[in-house]
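Asks: First the structure, then my questions, so here it is.
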Amino acid sequence: PNSLHGQLLMMLNDKRKNFDAAVKKIKKVIPQWVNRKKGKQYMYPIGTSTWFKIDDKIKYVITALSDTNNDKYEAHASINDINQATQEALKEAESIAEAGDIYFPLWGTKLARSGLNHQEALNLMLLHVKKILESKTTEGKISVVVYWGDFGKVNLNAIKSLWESINGVC
């Protein structure tokens, strides 16, 4: 319940079927079957992304960010995993944005167990945002959202030059 994934699933409540249907429609990769006592039985490669919507206003991109071990059910992601997942999630979001804005949560810290701190994760994410914005076809903005409880863990002055090179779009 403390992860982004867990919080999304709790928010969905009775609309969880939209999430499950989106996962089932993934055809570009074949998931690996995993023998688990609880949770889903299929594991998708890092970076596998798809989307779903709850209503006509908001589309959610879901992405395989980390592996989960079978004994403690803990997520683990390397920095390469975070890079791959961020790149693929942003590409998926950009492809469905239809000139709308994209809100992307800062991820890859705490429960991902990647070793990245919040500042490093933000720097990494902004580099990917910059790449997307340099080649994007949509007119919307991309906003990186930092959870208010973690905001003190990032130094916006430290990313000022990168931020300015993106022209303040994010």
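Naming scheme: A, B, ... for chains in displayed order of the structure tokens; residues 1 onward per chain; ligands 1 onward as shown.
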I need the helix (DSSP H, G or I) residues of chain A per DSSP on the backbone, written as a ChimeraX atom specification.

Replies: /A:4-24,79-96,110-112,118-135,148-153,156-165

Asks: Which residues come within 8 Å of Val29 of chain A, counting only C-alpha atoms, excluding same-chain residues fewer than 4 positions away, as a list in words?

Replies: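 Once the adjacent positions are removed, what remains is Tyr44, Pro45 and Thr48 of chain A.
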
Asks: With N, CA, C and O atoms retained, could you export that selection as a compact mmCIF listing (two decimals), in the first residue's frame?

Replies:
```txt
# COMPACT_ATOMS: atom_id res chain seq x y z
N TYR A 44 6.42 -9.08 -16.11
CA TYR A 44 6.73 -8.48 -17.40
C TYR A 44 8.13 -7.90 -17.38
O TYR A 44 8.61 -7.45 -16.34
N PRO A 45 8.81 -7.88 -18.52
CA PRO A 45 10.16 -7.30 -18.57
C PRO A 45 10.14 -5.83 -18.14
O PRO A 45 9.17 -5.11 -18.40
N THR A 48 8.20 -2.58 -19.75
CA THR A 48 6.95 -2.89 -20.44
C THR A 48 5.91 -1.87 -19.99
O THR A 48 5.67 -1.68 -18.81
```

Asks: Near segment 49-63 of chain A, counting only C-alpha atoms, which residues have an atom at most 8 Å away, once you skip same-chain residues fewer than 3 positions from it, shown as a PyMOL selection string?

Replies: chain A and resi 15+18-19+22-23+26+46+85+88-89+92-93

Asks: Tell me, counting only C-alpha atoms, for each residue of segment 44-127 of chain A within 10 Å of segment 149-168 of chain A, which pair of atoms is nearest and how far apart they are in Å to one decimal, in rows ordered by chain and increasing number, as JSON lines.

Replies:
```
{"residue": "A:Leu106", "atom": "CA", "partner": "A:Asp150", "partner_atom": "CA", "distance": 9.7}
{"residue": "A:Asn117", "atom": "CA", "partner": "A:Lys153", "partner_atom": "CA", "distance": 8.1}
{"residue": "A:His118", "atom": "CA", "partner": "A:Lys153", "partner_atom": "CA", "distance": 5.9}
{"residue": "A:Gln119", "atom": "CA", "partner": "A:Val154", "partner_atom": "CA", "distance": 4.9}
{"residue": "A:Glu120", "atom": "CA", "partner": "A:Val154", "partner_atom": "CA", "distance": 8.7}
{"residue": "A:Ala121", "atom": "CA", "partner": "A:Val154", "partner_atom": "CA", "distance": 9.4}
{"residue": "A:Leu122", "atom": "CA", "partner": "A:Val154", "partner_atom": "CA", "distance": 7.7}
{"residue": "A:Asn123", "atom": "CA", "partner": "A:Ile159", "partner_atom": "CA", "distance": 7.0}
{"residue": "A:Leu126", "atom": "CA", "partner": "A:Leu162", "partner_atom": "CA", "distance": 7.7}
{"residue": "A:Leu127", "atom": "CA", "partner": "A:Leu162", "partner_atom": "CA", "distance": 7.9}
```

Asks: As a list in words, which residues of chain A does DSSP assign to strand (DSSP E or B)?

Replies: Gln32, Trp33, Tyr42, Met43, Ser49, Thr50, Trp51, Phe52, Lys53, Lys59, Tyr60, Val61, Ile62, Thr63, Asp67, Thr68, Ala75, His76, Ile102, Tyr103, Phe104, Pro105, Ile142, Ser143, Val144 and Val145 of chain A

Asks: Would you list the contacts of segment 30-39 of chain A as a PyMOL selection string, taking every protein, DNA or RNA residue within 12 Å and counting only C-alpha atoms, but skipping same-chain residues closer than 3 positions in sequence?

Replies: chain A and resi 6+23-27+42-46+48+64+67-74

Asks: Expressed in Å to a single decimal, how great is the separation between atom CA of Val146 of chain A and atom CA of Lys40 of chain A?

Replies: 28.0 Å

Asks: What lies within 9 Å of Leu111 of chain A using only C-alpha atoms, ignoring chain neighbours under 6 positions off, as a ChimeraX atom specification?

Replies: /A:2-3,74-76

Asks: To one decimal place, how far is atom CA of Ser114 of chain A from atom CA of Val144 of chain A in Å?

Replies: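 Between atom CA of Ser114 of chain A and atom CA of Val144 of chain A the gap is 18.9 Å.
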